[in-house]
Amino acid sequence: MFDNLLFQSASGLLKDDIASGRLPGAVLFCGPSSSGKLTAALETARVLSCTENPRGRWSCSCPSCLRHKALVSPNLMLLGPRDCSLEIQAAQKAFVSSVSLGDSHVNATRYLFLRSVRKLQNRFNPALWQDSDKLNKIAVLTGELDERMEEIDVGRELPDIKAVEENVQKIVELCKKLEGDFMYDSVPILQIRNLSVWARIGAASGTKVIVIERAERMLEGVRNALLKILEEPPANTLFILTAERKSAVMPTILSRLRPYPFSSRTSDEEKEIIDRVFHDGTVFMPSNGGSVIQHYLEGFLPVRPEIVEKRAADFFDQVFGGQIPDVADLVKACGKFEPRVLLKIFLTALEAKSRELFSSASGVQKARAVSAAARNVWLNVSTYNQNVQSALEELLCALARERKR
């Protein structure tokens, strides 16, 4: 039980509460990024529906555990924003390498790749997107994903390495389109309403588990709709919310959740995780002392983060120096900000650069304006699907006005 959750004391707390029957109907996994919160949530879902005794062994081969390990269980619902594409590419590299070498990790990396894709695909369950005008377009992509993933599914004989590489690359491209075109930065209220209907339909067996990631990003209307479900939770259903900061969750929702804290792992622990999960022992420590896992995954970006950060600093200096940056050139140099995490890196670096203005009262005002404008760009692109170039042109105008003031 929780064998795949490494270097987290929360696993012991969860084991004890599950074994003693003390696990409540709604919990919060809170802690920093890359600390294993989603891993713990998916493992909790598997353990609660396991039909064997003793329950929850990772090696269990009961039908429910097999479906949960493959992330195809009808008892699981997954919502919330997540940058999935980098993990998918890291898993792609591990899987293709194992197939090419014919080593002993082939089945493990096959599971890894399939699970990484389904962590994304499960967010597009038709039950969640019912009555959405995007459902038909999403169904085309997820349908093709299903067909291609079936060709490499566990239990099937794999084709030759060239066919595997071509198929896996196409899967990755479909995932990038699915995430880039349809992933919201906050759970839409329609999904909470659809979720309420789904949760109240009894499971054939086991426990229904609803995982909502980045709960702190939910808008007020969404939080209120979720609160109504938590006030009268359906029977035999567990809600797992995740957040980086417990304090960022709405107090009325927080009062209905039992928190389980997740802590930052050491650099050596994160390096061991990458070695054990992705079978990659060539990991370099980040020079800025940040997360090794995050640094490793960012290595799969089409543009290095430091290049994007440098462009953000240059953009700031040009605007506040009275120049007009070439936004089209910026977008091109940053790989069109695809995947969207590149835009997040740019905006975060822009806000960090603005803190240089903190030396005066008027500078603090300007820095706050930069932060507000950056957040507005992210909202317009991630929620309202605005074109990145036009959003950055609006950012340029907003900052130019602020410089004149």
# chains A, B, ... in the order shown; residues from 1 in each chain; ligands from 1
>>> closest_atom_pairs(of="segment 246-293 of chain A", to="segment 30-44 of chain A", cutoff="12 Å", atoms="only C-alpha atoms", output="JSON lines")
{"residue": "A:Lys246", "atom": "CA", "partner": "A:Cys30", "partner_atom": "CA", "distance": 5.8}
{"residue": "A:Ser247", "atom": "CA", "partner": "A:Cys30", "partner_atom": "CA", "distance": 9.5}
{"residue": "A:Ala248", "atom": "CA", "partner": "A:Cys30", "partner_atom": "CA", "distance": 10.1}
{"residue": "A:Val249", "atom": "CA", "partner": "A:Cys30", "partner_atom": "CA", "distance": 9.8}
{"residue": "A:Leu254", "atom": "CA", "partner": "A:Cys30", "partner_atom": "CA", "distance": 11.1}
{"residue": "A:Leu257", "atom": "CA", "partner": "A:Cys30", "partner_atom": "CA", "distance": 11.0}
{"residue": "A:Arg258", "atom": "CA", "partner": "A:Cys30", "partner_atom": "CA", "distance": 10.4}
{"residue": "A:Pro259", "atom": "CA", "partner": "A:Cys30", "partner_atom": "CA", "distance": 6.9}
{"residue": "A:Tyr260", "atom": "CA", "partner": "A:Cys30", "partner_atom": "CA", "distance": 6.4}
{"residue": "A:Pro261", "atom": "CA", "partner": "A:Cys30", "partner_atom": "CA", "distance": 5.2}
{"residue": "A:Phe262", "atom": "CA", "partner": "A:Gly31", "partner_atom": "CA", "distance": 4.5}
{"residue": "A:Ser263", "atom": "CA", "partner": "A:Gly31", "partner_atom": "CA", "distance": 5.7}
{"residue": "A:Ser264", "atom": "CA", "partner": "A:Ser35", "partner_atom": "CA", "distance": 6.1}
{"residue": "A:Arg265", "atom": "CA", "partner": "A:Ser35", "partner_atom": "CA", "distance": 6.9}
{"residue": "A:Thr266", "atom": "CA", "partner": "A:Ser35", "partner_atom": "CA", "distance": 10.4}
{"residue": "A:Ser267", "atom": "CA", "partner": "A:Ser34", "partner_atom": "CA", "distance": 11.9}
{"residue": "A:Glu269", "atom": "CA", "partner": "A:Ser35", "partner_atom": "CA", "distance": 10.8}
{"residue": "A:Glu270", "atom": "CA", "partner": "A:Ser34", "partner_atom": "CA", "distance": 9.0}
{"residue": "A:Ile273", "atom": "CA", "partner": "A:Gly36", "partner_atom": "CA", "distance": 10.4}
{"residue": "A:Ile274", "atom": "CA", "partner": "A:Ser34", "partner_atom": "CA", "distance": 11.3}
{"residue": "A:Val277", "atom": "CA", "partner": "A:Thr39", "partner_atom": "CA", "distance": 12.0}
{"residue": "A:Gly290", "atom": "CA", "partner": "A:Ser33", "partner_atom": "CA", "distance": 11.0}
{"residue": "A:Ser291", "atom": "CA", "partner": "A:Ser34", "partner_atom": "CA", "distance": 7.9}
{"residue": "A:Val292", "atom": "CA", "partner": "A:Ser34", "partner_atom": "CA", "distance": 9.3}
{"residue": "A:Ile293", "atom": "CA", "partner": "A:Ser34", "partner_atom": "CA", "distance": 6.7}
>>> write_last_selection(atoms="N, CA and C atoms", output="compact mmCIF listing (two decimals), in the first residue's frame")
# COMPACT_ATOMS: atom_id res chain seq x y z
N LYS A 246 -2.46 25.20 1.91
CA LYS A 246 -3.70 24.98 2.64
C LYS A 246 -4.45 26.29 2.86
N SER A 247 -3.72 27.35 3.14
CA SER A 247 -4.34 28.64 3.44
C SER A 247 -5.06 29.25 2.25
N ALA A 248 -4.76 28.76 1.03
CA ALA A 248 -5.38 29.33 -0.17
C ALA A 248 -6.74 28.72 -0.46
N VAL A 249 -7.11 27.66 0.25
CA VAL A 249 -8.41 27.01 0.05
C VAL A 249 -9.47 27.77 0.84
N LEU A 254 -12.46 24.27 3.42
CA LEU A 254 -11.40 23.70 4.25
C LEU A 254 -11.96 23.06 5.52
N LEU A 257 -12.76 19.38 5.15
CA LEU A 257 -11.70 18.51 4.66
C LEU A 257 -10.73 18.16 5.78
N ARG A 258 -10.23 16.92 5.77
CA ARG A 258 -9.14 16.57 6.68
C ARG A 258 -7.83 16.73 5.91
N PRO A 259 -6.94 17.62 6.39
CA PRO A 259 -5.70 17.86 5.65
C PRO A 259 -4.64 16.78 5.90
N TYR A 260 -3.92 16.44 4.84
CA TYR A 260 -2.76 15.56 4.93
C TYR A 260 -1.59 16.34 4.32
N PRO A 261 -0.61 16.73 5.13
CA PRO A 261 0.49 17.57 4.62
C PRO A 261 1.53 16.77 3.84
N PHE A 262 1.99 17.36 2.74
CA PHE A 262 3.07 16.81 1.94
C PHE A 262 4.23 17.81 2.00
N SER A 263 5.43 17.31 2.15
CA SER A 263 6.60 18.18 2.32
C SER A 263 7.50 18.12 1.08
N SER A 264 8.38 19.11 0.98
CA SER A 264 9.39 19.10 -0.09
C SER A 264 10.37 17.97 0.17
N ARG A 265 10.77 17.28 -0.89
CA ARG A 265 11.79 16.25 -0.75
C ARG A 265 13.17 16.87 -0.95
N THR A 266 14.18 16.18 -0.47
CA THR A 266 15.54 16.66 -0.69
C THR A 266 15.93 16.43 -2.14
N SER A 267 16.98 17.10 -2.57
CA SER A 267 17.46 16.95 -3.96
C SER A 267 17.85 15.50 -4.25
N GLU A 269 16.65 12.82 -2.80
CA GLU A 269 15.43 12.02 -2.86
C GLU A 269 14.74 12.20 -4.21
N GLU A 270 14.67 13.44 -4.69
CA GLU A 270 14.04 13.68 -5.98
C GLU A 270 14.85 13.04 -7.11
N ILE A 273 13.96 9.45 -7.17
CA ILE A 273 12.63 9.25 -7.75
C ILE A 273 12.71 9.23 -9.27
N ILE A 274 13.45 10.17 -9.85
CA ILE A 274 13.60 10.19 -11.31
C ILE A 274 14.26 8.92 -11.81
N VAL A 277 11.59 6.05 -11.35
CA VAL A 277 10.37 6.17 -12.16
C VAL A 277 10.69 6.22 -13.65
N GLY A 290 16.42 24.80 -7.07
CA GLY A 290 15.00 24.47 -7.13
C GLY A 290 14.76 22.97 -7.16
N SER A 291 13.52 22.59 -7.49
CA SER A 291 13.13 21.19 -7.53
C SER A 291 13.86 20.44 -8.64
N VAL A 292 14.46 19.32 -8.28
CA VAL A 292 15.16 18.49 -9.27
C VAL A 292 14.15 17.90 -10.26
N ILE A 293 12.99 17.48 -9.76
CA ILE A 293 11.97 16.90 -10.62
C ILE A 293 11.48 17.94 -11.63
>>> residues_around(residues="Phe239 of chain A", least_positions_apart="4", cutoff="8 Å", atoms="only C-alpha atoms", output="ChimeraX atom specification")
/A:25-27,209-212
>>> write_last_selection(atoms="N, CA and C atoms", output="PDB file, in the first residue's frame")
ATOM      1  N   GLY A  25     -14.921  11.420   4.346  1.00  0.00           N
ATOM      2  CA  GLY A  25     -15.423  11.456   2.972  1.00  0.00           C
ATOM      3  C   GLY A  25     -14.819  12.544   2.118  1.00  0.00           C
ATOM      4  N   ALA A  26     -14.015  13.436   2.725  1.00  0.00           N
ATOM      5  CA  ALA A  26     -13.377  14.519   1.962  1.00  0.00           C
ATOM      6  C   ALA A  26     -12.048  14.866   2.614  1.00  0.00           C
ATOM      7  N   VAL A  27     -10.978  14.908   1.823  1.00  0.00           N
ATOM      8  CA  VAL A  27      -9.646  15.178   2.358  1.00  0.00           C
ATOM      9  C   VAL A  27      -8.930  16.192   1.481  1.00  0.00           C
ATOM     10  N   VAL A 209     -14.108   7.758  -6.253  1.00  0.00           N
ATOM     11  CA  VAL A 209     -13.139   8.752  -5.790  1.00  0.00           C
ATOM     12  C   VAL A 209     -13.073   9.889  -6.802  1.00  0.00           C
ATOM     13  N   ILE A 210     -13.227  11.097  -6.299  1.00  0.00           N
ATOM     14  CA  ILE A 210     -13.178  12.305  -7.120  1.00  0.00           C
ATOM     15  C   ILE A 210     -11.941  13.101  -6.716  1.00  0.00           C
ATOM     16  N   VAL A 211     -11.021  13.281  -7.649  1.00  0.00           N
ATOM     17  CA  VAL A 211      -9.783  14.019  -7.389  1.00  0.00           C
ATOM     18  C   VAL A 211      -9.877  15.367  -8.092  1.00  0.00           C
ATOM     19  N   ILE A 212      -9.750  16.443  -7.324  1.00  0.00           N
ATOM     20  CA  ILE A 212      -9.775  17.795  -7.881  1.00  0.00           C
ATOM     21  C   ILE A 212      -8.437  18.451  -7.574  1.00  0.00           C
TER      22      ILE A 212
END
>>> closest_residue(among="A:Leu230, A:Ala373, A:Leu399, A:Met1", to="Gly322 of chain A", atoms="only C-alpha atoms")
A:Leu399
>>> residues_around(residues="Ala90 of chain A", least_positions_apart="5", cutoff="12 Å", atoms="only C-alpha atoms", output="list in words")
Cys84, Ser85, Phe95, Val96, Ser97, Thr109, Leu112, Phe113, Leu114, Ser116, Val117, Val168, Val172, Ile274, Asp275, Val277, Phe278, His279, Asp280, Ile293, Gln294, His295, Tyr296, Leu297, Glu298, Gly299, Phe300 and Leu301 of chain A
>>> residues_around(residues="Phe320 of chain A", least_positions_apart="5", cutoff="9 Å", atoms="only C-alpha atoms", output="list in words")
Phe315, Leu399, Ala400, Glu402, Arg403 and Lys404 of chain A
>>> atom_distance(atom1="atom CA of Glu351 of chain A", atom2="atom CA of Pro251 of chain A")
27.8 Å
>>> select_by_dssp(residues="segment 135-351 of chain A", states="strand (DSSP E or B)", output="MDAnalysis selection string")
chainID A and resid 208:212 237:243 258:261
>>> write_last_selection(atoms="all heavy atoms", output="compact mmCIF listing (two decimals), in the first residue's frame")
# COMPACT_ATOMS: atom_id res chain seq x y z
N LYS A 208 -16.32 5.31 -5.09
CA LYS A 208 -16.07 6.34 -6.08
C LYS A 208 -15.12 7.38 -5.48
O LYS A 208 -15.32 7.82 -4.36
CB LYS A 208 -17.38 7.02 -6.49
CG LYS A 208 -18.19 6.25 -7.53
CD LYS A 208 -19.31 7.09 -8.09
CE LYS A 208 -19.93 6.42 -9.30
NZ LYS A 208 -20.98 7.25 -9.93
N VAL A 209 -14.11 7.76 -6.25
CA VAL A 209 -13.14 8.75 -5.79
C VAL A 209 -13.07 9.89 -6.80
O VAL A 209 -12.90 9.66 -8.00
CB VAL A 209 -11.74 8.13 -5.59
CG1 VAL A 209 -10.74 9.21 -5.21
CG2 VAL A 209 -11.79 7.05 -4.51
N ILE A 210 -13.23 11.10 -6.30
CA ILE A 210 -13.18 12.30 -7.12
C ILE A 210 -11.94 13.10 -6.72
O ILE A 210 -11.81 13.51 -5.56
CB ILE A 210 -14.44 13.15 -6.92
CG1 ILE A 210 -15.67 12.37 -7.39
CG2 ILE A 210 -14.34 14.48 -7.67
CD1 ILE A 210 -16.97 12.86 -6.81
N VAL A 211 -11.02 13.28 -7.65
CA VAL A 211 -9.78 14.02 -7.39
C VAL A 211 -9.88 15.37 -8.09
O VAL A 211 -10.05 15.43 -9.31
CB VAL A 211 -8.55 13.25 -7.90
CG1 VAL A 211 -7.28 14.03 -7.60
CG2 VAL A 211 -8.49 11.86 -7.27
N ILE A 212 -9.75 16.44 -7.32
CA ILE A 212 -9.78 17.79 -7.88
C ILE A 212 -8.44 18.45 -7.57
O ILE A 212 -8.14 18.78 -6.43
CB ILE A 212 -10.93 18.63 -7.29
CG1 ILE A 212 -12.27 17.93 -7.52
CG2 ILE A 212 -10.95 20.02 -7.93
CD1 ILE A 212 -13.46 18.66 -6.93
N THR A 237 -18.52 7.68 -1.39
CA THR A 237 -17.75 8.53 -2.31
C THR A 237 -16.71 9.31 -1.51
O THR A 237 -17.00 9.82 -0.43
CB THR A 237 -18.68 9.52 -3.04
OG1 THR A 237 -19.67 8.80 -3.79
CG2 THR A 237 -17.89 10.40 -4.01
N LEU A 238 -15.50 9.38 -2.05
CA LEU A 238 -14.42 10.14 -1.41
C LEU A 238 -14.01 11.29 -2.31
O LEU A 238 -13.78 11.11 -3.50
CB LEU A 238 -13.21 9.24 -1.16
CG LEU A 238 -11.94 9.94 -0.67
CD1 LEU A 238 -12.15 10.55 0.72
CD2 LEU A 238 -10.76 8.97 -0.66
N PHE A 239 -13.93 12.49 -1.74
CA PHE A 239 -13.42 13.67 -2.43
C PHE A 239 -11.98 13.91 -1.98
O PHE A 239 -11.72 14.01 -0.78
CB PHE A 239 -14.26 14.90 -2.12
CG PHE A 239 -15.61 14.91 -2.77
CD1 PHE A 239 -16.68 14.23 -2.19
CD2 PHE A 239 -15.84 15.57 -3.96
CE1 PHE A 239 -17.93 14.23 -2.78
CE2 PHE A 239 -17.09 15.58 -4.56
CZ PHE A 239 -18.14 14.90 -3.96
N ILE A 240 -11.06 14.00 -2.95
CA ILE A 240 -9.67 14.35 -2.65
C ILE A 240 -9.34 15.64 -3.39
O ILE A 240 -9.35 15.67 -4.62
CB ILE A 240 -8.69 13.24 -3.08
CG1 ILE A 240 -9.03 11.91 -2.40
CG2 ILE A 240 -7.26 13.65 -2.74
CD1 ILE A 240 -8.13 10.76 -2.84
N LEU A 241 -9.09 16.69 -2.63
CA LEU A 241 -8.66 17.95 -3.22
C LEU A 241 -7.17 18.11 -2.99
O LEU A 241 -6.65 17.68 -1.96
CB LEU A 241 -9.41 19.13 -2.57
CG LEU A 241 -10.82 19.45 -3.11
CD1 LEU A 241 -11.77 18.29 -2.87
CD2 LEU A 241 -11.36 20.73 -2.48
N THR A 242 -6.48 18.70 -3.96
CA THR A 242 -5.06 18.98 -3.78
C THR A 242 -4.83 20.48 -3.92
O THR A 242 -5.54 21.17 -4.66
CB THR A 242 -4.17 18.23 -4.79
OG1 THR A 242 -4.24 18.87 -6.07
CG2 THR A 242 -4.58 16.78 -4.92
N ALA A 243 -3.84 20.98 -3.20
CA ALA A 243 -3.49 22.39 -3.26
C ALA A 243 -2.05 22.55 -2.80
O ALA A 243 -1.54 21.74 -2.01
CB ALA A 243 -4.40 23.23 -2.37
N ARG A 258 -10.23 16.92 5.77
CA ARG A 258 -9.14 16.57 6.68
C ARG A 258 -7.83 16.73 5.91
O ARG A 258 -7.62 16.08 4.88
CB ARG A 258 -9.25 15.13 7.17
CG ARG A 258 -8.07 14.71 8.05
CD ARG A 258 -8.18 13.29 8.52
NE ARG A 258 -9.34 13.11 9.39
CZ ARG A 258 -9.78 11.92 9.81
NH1 ARG A 258 -9.14 10.81 9.44
NH2 ARG A 258 -10.84 11.84 10.58
N PRO A 259 -6.94 17.62 6.39
CA PRO A 259 -5.70 17.86 5.65
C PRO A 259 -4.64 16.78 5.90
O PRO A 259 -4.49 16.29 7.02
CB PRO A 259 -5.24 19.21 6.20
CG PRO A 259 -5.81 19.28 7.58
CD PRO A 259 -7.11 18.50 7.55
N TYR A 260 -3.92 16.44 4.84
CA TYR A 260 -2.76 15.56 4.93
C TYR A 260 -1.59 16.34 4.32
O TYR A 260 -1.58 16.62 3.12
CB TYR A 260 -2.98 14.26 4.15
CG TYR A 260 -3.99 13.34 4.79
CD1 TYR A 260 -5.36 13.51 4.55
CD2 TYR A 260 -3.60 12.31 5.63
CE1 TYR A 260 -6.30 12.66 5.14
CE2 TYR A 260 -4.53 11.46 6.22
CZ TYR A 260 -5.87 11.65 5.96
OH TYR A 260 -6.80 10.81 6.55
N PRO A 261 -0.61 16.73 5.13
CA PRO A 261 0.49 17.57 4.62
C PRO A 261 1.53 16.77 3.84
O PRO A 261 1.91 15.67 4.23
CB PRO A 261 1.09 18.15 5.89
CG PRO A 261 0.78 17.14 6.95
CD PRO A 261 -0.53 16.51 6.59
>>> atom_distance(atom1="atom CA of Asn75 of chain A", atom2="atom CA of Leu14 of chain A")
19.4 Å
>>> select_by_dssp(residues="segment 109-338 of chain A", states="alpha helix (DSSP H)", output="MDAnalysis selection string")
chainID A and resid 109:121 126:129 135:150 161:182 189:199 220:231 251:254 267:278 292:298 305:320 327:333
>>> atom_distance(atom1="atom CA of Phe29 of chain A", atom2="atom CA of Gly12 of chain A")
13.5 Å
>>> residues_around(residues="segment 380-388 of chain A", least_positions_apart="3", cutoff="6 Å", atoms="only C-alpha atoms", output="mmCIF file with all heavy atoms, in the first residue's frame")
data_model
loop_
_atom_site.group_PDB
_atom_site.id
_atom_site.type_symbol
_atom_site.label_atom_id
_atom_site.label_comp_id
_atom_site.auth_asym_id
_atom_site.auth_seq_id
_atom_site.Cartn_x
_atom_site.Cartn_y
_atom_site.Cartn_z
ATOM 1 N N TYR A 184 -8.521 23.862 -19.050
ATOM 2 C CA TYR A 184 -8.824 25.102 -18.339
ATOM 3 C C TYR A 184 -7.824 25.316 -17.208
ATOM 4 O O TYR A 184 -7.303 24.359 -16.634
ATOM 5 C CB TYR A 184 -10.234 25.053 -17.753
ATOM 6 C CG TYR A 184 -11.350 25.146 -18.772
ATOM 7 C CD1 TYR A 184 -12.059 24.014 -19.162
ATOM 8 C CD2 TYR A 184 -11.708 26.373 -19.325
ATOM 9 C CE1 TYR A 184 -13.101 24.099 -20.086
ATOM 10 C CE2 TYR A 184 -12.741 26.459 -20.252
ATOM 11 C CZ TYR A 184 -13.432 25.326 -20.632
ATOM 12 O OH TYR A 184 -14.460 25.414 -21.543
ATOM 13 N N ASP A 185 -7.618 26.595 -16.841
ATOM 14 C CA ASP A 185 -6.758 26.899 -15.700
ATOM 15 C C ASP A 185 -7.524 26.793 -14.386
ATOM 16 O O ASP A 185 -6.924 26.782 -13.322
ATOM 17 C CB ASP A 185 -6.176 28.312 -15.833
ATOM 18 C CG ASP A 185 -5.071 28.569 -14.839
ATOM 19 O OD1 ASP A 185 -4.144 27.745 -14.767
ATOM 20 O OD2 ASP A 185 -5.144 29.574 -14.117
ATOM 21 N N VAL A 377 -3.056 38.530 -18.385
ATOM 22 C CA VAL A 377 -2.630 37.794 -19.590
ATOM 23 C C VAL A 377 -2.897 36.304 -19.417
ATOM 24 O O VAL A 377 -3.460 35.647 -20.305
ATOM 25 C CB VAL A 377 -1.128 38.035 -19.868
ATOM 26 C CG1 VAL A 377 -0.622 37.069 -20.944
ATOM 27 C CG2 VAL A 377 -0.893 39.462 -20.313
ATOM 28 N N ALA A 391 -2.565 38.800 -26.546
ATOM 29 C CA ALA A 391 -2.550 39.006 -25.094
ATOM 30 C C ALA A 391 -1.285 39.736 -24.666
ATOM 31 O O ALA A 391 -1.329 40.630 -23.800
ATOM 32 C CB ALA A 391 -2.655 37.666 -24.376
#
>>> closest_atom_pairs(of="segment 229-315 of chain A", to="segment 338-343 of chain A", cutoff="10 Å", atoms="only C-alpha atoms", output="Markdown table")
| residue | atom | partner | partner_atom | distance |
| --- | --- | --- | --- | --- |
| A:Glu298 | CA | A:Val341 | CA | 9.3 |
| A:Leu301 | CA | A:Pro339 | CA | 7.7 |
| A:Pro302 | CA | A:Glu338 | CA | 8.0 |
| A:Val303 | CA | A:Leu342 | CA | 8.0 |
| A:Arg304 | CA | A:Leu342 | CA | 9.0 |
| A:Pro305 | CA | A:Leu342 | CA | 7.3 |
| A:Val308 | CA | A:Leu342 | CA | 7.2 |
| A:Glu309 | CA | A:Leu342 | CA | 9.4 |
| A:Ala312 | CA | A:Leu343 | CA | 9.9 |
>>> write_last_selection(atoms="all heavy atoms", output="CSV table (one decimal), in the first residue's frame")
chain,number,residue,atom,x,y,z
A,298,GLU,N,11.4,20.1,-17.1
A,298,GLU,CA,11.5,21.3,-17.9
A,298,GLU,C,12.6,21.1,-19.0
A,298,GLU,O,12.6,21.8,-20.0
A,298,GLU,CB,11.9,22.5,-17.1
A,298,GLU,CG,10.8,23.1,-16.3
A,298,GLU,CD,11.2,24.2,-15.4
A,298,GLU,OE1,12.4,24.5,-15.3
A,298,GLU,OE2,10.3,24.9,-14.8
A,301,LEU,N,11.1,20.8,-22.5
A,301,LEU,CA,10.5,22.0,-23.2
A,301,LEU,C,11.2,22.3,-24.5
A,301,LEU,O,12.4,22.1,-24.6
A,301,LEU,CB,10.6,23.2,-22.2
A,301,LEU,CG,9.6,23.2,-21.1
A,301,LEU,CD1,10.0,24.4,-20.1
A,301,LEU,CD2,8.2,23.4,-21.5
A,302,PRO,N,10.5,22.8,-25.5
A,302,PRO,CA,11.2,23.1,-26.7
A,302,PRO,C,12.1,24.3,-26.7
A,302,PRO,O,13.0,24.4,-27.5
A,302,PRO,CB,10.0,23.4,-27.7
A,302,PRO,CG,8.9,23.8,-26.8
A,302,PRO,CD,9.0,23.0,-25.5
A,303,VAL,N,11.9,25.1,-25.6
A,303,VAL,CA,12.8,26.3,-25.4
A,303,VAL,C,13.2,26.2,-24.0
A,303,VAL,O,12.4,26.0,-23.1
A,303,VAL,CB,12.0,27.6,-25.7
A,303,VAL,CG1,13.0,28.8,-25.5
A,303,VAL,CG2,11.5,27.6,-27.1
A,304,ARG,N,14.5,26.4,-23.7
A,304,ARG,CA,15.0,26.3,-22.3
A,304,ARG,C,14.4,27.4,-21.5
A,304,ARG,O,14.3,28.6,-21.9
A,304,ARG,CB,16.5,26.4,-22.3
A,304,ARG,CG,17.2,25.3,-23.0
A,304,ARG,CD,18.7,25.1,-22.5
A,304,ARG,NE,19.4,26.4,-22.6
A,304,ARG,CZ,20.0,26.8,-23.7
A,304,ARG,NH1,20.0,26.1,-24.8
A,304,ARG,NH2,20.7,28.0,-23.8
A,305,PRO,N,14.1,27.2,-20.2
A,305,PRO,CA,13.4,28.2,-19.4
A,305,PRO,C,14.3,29.4,-19.2
A,305,PRO,O,13.7,30.5,-19.2
A,305,PRO,CB,13.3,27.4,-18.0
A,305,PRO,CG,13.2,26.0,-18.4
A,305,PRO,CD,14.1,25.8,-19.6
A,308,VAL,N,13.6,31.9,-22.0
A,308,VAL,CA,12.3,32.6,-21.8
A,308,VAL,C,12.4,33.6,-20.7
A,308,VAL,O,11.9,34.7,-20.8
A,308,VAL,CB,11.2,31.5,-21.4
A,308,VAL,CG1,9.9,32.2,-21.2
A,308,VAL,CG2,11.1,30.5,-22.5
A,309,GLU,N,13.1,33.3,-19.6
A,309,GLU,CA,13.3,34.2,-18.5
A,309,GLU,C,14.1,35.4,-18.9
A,309,GLU,O,13.8,36.6,-18.5
A,309,GLU,CB,14.0,33.5,-17.3
A,309,GLU,CG,13.1,32.5,-16.6
A,309,GLU,CD,13.9,31.6,-15.7
A,309,GLU,OE1,15.1,31.6,-15.7
A,309,GLU,OE2,13.2,30.8,-15.0
A,312,ALA,N,11.9,37.7,-20.9
A,312,ALA,CA,11.0,38.4,-20.0
A,312,ALA,C,11.7,39.7,-19.4
A,312,ALA,O,11.1,40.8,-19.4
A,312,ALA,CB,10.5,37.5,-18.9
>>> residues_around(residues="Pro63 of chain A", least_positions_apart="2", cutoff="12 Å", atoms="only C-alpha atoms", output="JSON list (two decimals) with N, CA and C atoms, in the first residue's frame")
[["chain", "number", "residue", "atom", "x", "y", "z"],
["A", 46, "ARG", "N", -7.23, 3.46, -5.63],
["A", 46, "ARG", "CA", -7.03, 2.03, -5.91],
["A", 46, "ARG", "C", -7.25, 1.20, -4.65],
["A", 49, "SER", "N", -10.89, 0.53, -3.46],
["A", 49, "SER", "CA", -11.72, -0.36, -4.27],
["A", 49, "SER", "C", -11.13, -1.76, -4.42],
["A", 50, "CYS", "N", -9.98, -2.01, -3.78],
["A", 50, "CYS", "CA", -9.34, -3.33, -3.87],
["A", 50, "CYS", "C", -10.24, -4.39, -3.24],
["A", 51, "THR", "N", -10.35, -5.55, -3.88],
["A", 51, "THR", "CA", -11.24, -6.61, -3.40],
["A", 51, "THR", "C", -10.49, -7.74, -2.70],
["A", 52, "GLU", "N", -9.17, -7.62, -2.60],
["A", 52, "GLU", "CA", -8.37, -8.69, -1.99],
["A", 52, "GLU", "C", -8.18, -8.45, -0.49],
["A", 60, "CYS", "N", -1.21, -6.51, -6.16],
["A", 60, "CYS", "CA", -2.54, -7.11, -6.25],
["A", 60, "CYS", "C", -3.01, -7.16, -7.71],
["A", 61, "SER", "N", -3.60, -8.28, -8.10],
["A", 61, "SER", "CA", -4.07, -8.44, -9.48],
["A", 61, "SER", "C", -5.58, -8.60, -9.56],
["A", 65, "CYS", "N", -8.01, -3.45, -8.99],
["A", 65, "CYS", "CA", -6.66, -2.89, -8.93],
["A", 65, "CYS", "C", -6.04, -2.76, -10.31],
["A", 66, "LEU", "N", -6.27, -3.73, -11.17],
["A", 66, "LEU", "CA", -5.72, -3.67, -12.52],
["A", 66, "LEU", "C", -6.30, -2.47, -13.28],
["A", 67, "ARG", "N", -7.60, -2.22, -13.10],
["A", 67, "ARG", "CA", -8.21, -1.06, -13.78],
["A", 67, "ARG", "C", -7.66, 0.25, -13.21],
["A", 68, "HIS", "N", -7.50, 0.30, -11.89],
["A", 68, "HIS", "CA", -6.98, 1.53, -11.28],
["A", 68, "HIS", "C", -5.53, 1.77, -11.67],
["A", 69, "LYS", "N", -4.70, 0.71, -11.70],
["A", 69, "LYS", "CA", -3.30, 0.90, -12.07],
["A", 69, "LYS", "C", -3.16, 1.37, -13.52],
["A", 70, "ALA", "N", -4.11, 0.94, -14.35],
["A", 70, "ALA", "CA", -4.11, 1.39, -15.74],
["A", 70, "ALA", "C", -4.84, 2.73, -15.92],
["A", 72, "VAL", "N", -8.10, 3.29, -15.76],
["A", 72, "VAL", "CA", -9.31, 3.13, -16.57],
["A", 72, "VAL", "C", -10.50, 2.72, -15.70],
["A", 73, "SER", "N", -10.41, 2.95, -14.41],
["A", 73, "SER", "CA", -11.50, 2.55, -13.52],
["A", 73, "SER", "C", -12.70, 3.47, -13.68],
["A", 74, "PRO", "N", -13.92, 2.91, -13.75],
["A", 74, "PRO", "CA", -15.13, 3.75, -13.82],
["A", 74, "PRO", "C", -15.42, 4.44, -12.50],
["A", 205, "SER", "N", -19.45, -1.48, -7.56],
["A", 205, "SER", "CA", -18.66, -2.02, -6.45],
["A", 205, "SER", "C", -17.56, -1.03, -6.12],
["A", 206, "GLY", "N", -17.00, -1.14, -4.93],
["A", 206, "GLY", "CA", -15.91, -0.27, -4.53],
["A", 206, "GLY", "C", -16.38, 1.14, -4.17]]
>>> closest_residue(among="A:Glu157, A:Arg245, A:Gln92, A:Val99", to="Lys170 of chain A", atoms="only C-alpha atoms")
A:Gln92
>>> closest_residue(among="A:Phe2, A:Phe284, A:Phe316, A:Trp198", to="Gln130 of chain A", atoms="only C-alpha atoms")
A:Trp198
>>> residues_around(residues="Glu150 of chain A", least_positions_apart="4", cutoff="12 Å", atoms="only C-alpha atoms", output="PyMOL selection string")
chain A and resi 70+110+114+143-146+154-158+164+167-168+171
